[in-house]
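Right, one structure below, let's go through it.
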Amino acid sequence: MATQTKTIQSVQTFGRKKSAVAVAYCKSGNGLIKLNGQPLELVRPELLRDKVFEPIHLLGKSKFASVDIRLRVKGGGHVSQVYALRQAIAKAIVAFYQKYVDEQSKQEIKNILLSYDRSLLVADCRQTEPKKFGGRGARSRFQKSYR
């Protein structure tokens with residue numbers, strides 16, 4: 001008896017900010033978005049919750065109605081995790097539309113996101129500079145005394 005294996009339409013993308021990395025697994029579904037197994041509405045702190053929802057508010061709920069997104073985030077602080085999450089969500093929806101829908105709607109989504117904020121699709125590569133000897137930080141030096 002031959003069994004039909006149905007392939008799952010899915011893409012996996014990531015977002016980065018400083019040392020935080022968020023991975024988004026996007027598959028066809030019915031609009032679920034979960035972060036580490038919990039609903040996205042429970043993101044803490046509340047002040048940064050709107051930042052995570054920016055790609056969803058920009059594109060509208062209709063674009064996300066046909067996909068499920070599962071998010072994992074590690075590393076960094078609260079703010080950098082939120083910025084990594086929003087980038088992962090935006091990149092996931094663009095990749096899904098490119099692979100499984102059509103090029104025109106993908107380009108439309110991409111233009112909306114880029115016109116709002118470039119960091120939604122392009123990673124910010126800046127990292128903290130390592131501390132060196134002879135001072136308290138990366139650039140500052142101890143005060144010099146001659147006596």
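Residue numbers start at 1 in each chain; chains themselves are named A, B, ... in the order of the structure tokens; ligands are numbered from 1 in the order shown.
The residue set within 12 Å of Lys99 of chain A, counting only C-alpha atoms and dropping same-chain residues fewer than 6 places from it, reads Gln9, Ser10, Val11, Gln12, Cys26, Lys27, Ser28, Ala92, Ile93, Ser105 and Lys106 of chain A.
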Selected residues written out with N, CA, C and O atoms, as a PDB file, in the first residue's frame:
```pdb
ATOM      1  N   GLN A   9       4.742  23.068   3.526  1.00  0.00           N
ATOM      2  CA  GLN A   9       5.310  24.314   3.014  1.00  0.00           C
ATOM      3  C   GLN A   9       5.868  25.094   4.187  1.00  0.00           C
ATOM      4  O   GLN A   9       5.114  25.598   5.018  1.00  0.00           O
ATOM      5  N   SER A  10       7.198  25.191   4.270  1.00  0.00           N
ATOM      6  CA  SER A  10       7.795  25.891   5.411  1.00  0.00           C
ATOM      7  C   SER A  10       9.109  26.540   5.032  1.00  0.00           C
ATOM      8  O   SER A  10       9.796  26.092   4.106  1.00  0.00           O
ATOM      9  N   VAL A  11       9.437  27.614   5.747  1.00  0.00           N
ATOM     10  CA  VAL A  11      10.734  28.281   5.628  1.00  0.00           C
ATOM     11  C   VAL A  11      11.241  28.572   7.033  1.00  0.00           C
ATOM     12  O   VAL A  11      10.458  28.707   7.976  1.00  0.00           O
ATOM     13  N   GLN A  12      12.554  28.668   7.154  1.00  0.00           N
ATOM     14  CA  GLN A  12      13.156  28.987   8.439  1.00  0.00           C
ATOM     15  C   GLN A  12      14.109  30.156   8.241  1.00  0.00           C
ATOM     16  O   GLN A  12      14.998  30.105   7.385  1.00  0.00           O
ATOM     17  N   CYS A  26       8.392  29.300   9.783  1.00  0.00           N
ATOM     18  CA  CYS A  26       7.126  29.738   9.202  1.00  0.00           C
ATOM     19  C   CYS A  26       6.580  28.644   8.296  1.00  0.00           C
ATOM     20  O   CYS A  26       7.263  28.193   7.384  1.00  0.00           O
ATOM     21  N   LYS A  27       5.337  28.205   8.569  1.00  0.00           N
ATOM     22  CA  LYS A  27       4.718  27.169   7.734  1.00  0.00           C
ATOM     23  C   LYS A  27       3.271  27.551   7.467  1.00  0.00           C
ATOM     24  O   LYS A  27       2.702  28.406   8.158  1.00  0.00           O
ATOM     25  N   SER A  28       2.692  26.920   6.476  1.00  0.00           N
ATOM     26  CA  SER A  28       1.296  27.216   6.159  1.00  0.00           C
ATOM     27  C   SER A  28       0.412  26.732   7.305  1.00  0.00           C
ATOM     28  O   SER A  28       0.616  25.651   7.837  1.00  0.00           O
ATOM     29  N   ALA A  92      10.767  36.071   7.714  1.00  0.00           N
ATOM     30  CA  ALA A  92      10.030  34.822   7.515  1.00  0.00           C
ATOM     31  C   ALA A  92       8.862  35.015   6.555  1.00  0.00           C
ATOM     32  O   ALA A  92       8.652  34.188   5.663  1.00  0.00           O
ATOM     33  N   ILE A  93       8.119  36.090   6.727  1.00  0.00           N
ATOM     34  CA  ILE A  93       6.948  36.300   5.857  1.00  0.00           C
ATOM     35  C   ILE A  93       7.392  36.599   4.433  1.00  0.00           C
ATOM     36  O   ILE A  93       6.777  36.146   3.463  1.00  0.00           O
ATOM     37  N   SER A 105       3.666  39.784  -4.899  1.00  0.00           N
ATOM     38  CA  SER A 105       3.239  40.065  -3.522  1.00  0.00           C
ATOM     39  C   SER A 105       4.437  40.097  -2.576  1.00  0.00           C
ATOM     40  O   SER A 105       4.454  40.861  -1.618  1.00  0.00           O
ATOM     41  N   LYS A 106       5.459  39.278  -2.855  1.00  0.00           N
ATOM     42  CA  LYS A 106       6.691  39.318  -2.049  1.00  0.00           C
ATOM     43  C   LYS A 106       7.358  40.679  -2.171  1.00  0.00           C
ATOM     44  O   LYS A 106       7.769  41.283  -1.175  1.00  0.00           O
TER      45      LYS A 106
END
```
For segment 60-63 of chain A, please output as a PyMOL selection string all residues within 10 Å (counting only C-alpha atoms; exclusion window: fewer than 4 positions along the same chain). chain A and resi 31+54-56+67+93+97+105+109
Which parts of segment 1-37 of chain A does DSSP call strand (DSSP E or B) when run on the backbone here, written out as a ChimeraX atom specification? /A:10-17,20-28,33-35
Report as JSON, numbers by chain all protein, DNA and RNA residues lying within 12 Å of segment 69-74 of chain A, evaluated on only C-alpha atoms, omitting residues in the same chain fewer than 6 positions from it. {"A": [10, 11, 12, 13, 14, 15, 16, 17, 18, 19, 20, 21, 22, 23, 24, 25, 26, 27, 28, 29, 30, 31, 32, 33, 34, 35, 36, 37, 38, 39, 40, 43, 52, 56, 80, 81, 82, 83, 84, 85, 86, 87, 88, 89, 90, 91, 92, 93, 96]}
Among segment 22-74 of chain A, which ones does DSSP assign to alpha helix (DSSP H) (computed from the backbone)? Answer as a list in words.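 So the alpha helix (DSSP H) residues in segment 22-74 of chain A would be Arg49, Asp50, Lys51, Val52, Phe53, Glu54, Pro55, Ile56, His57, Leu58, Leu59, Lys61, Ser62, Lys63 and Phe64 of chain A.
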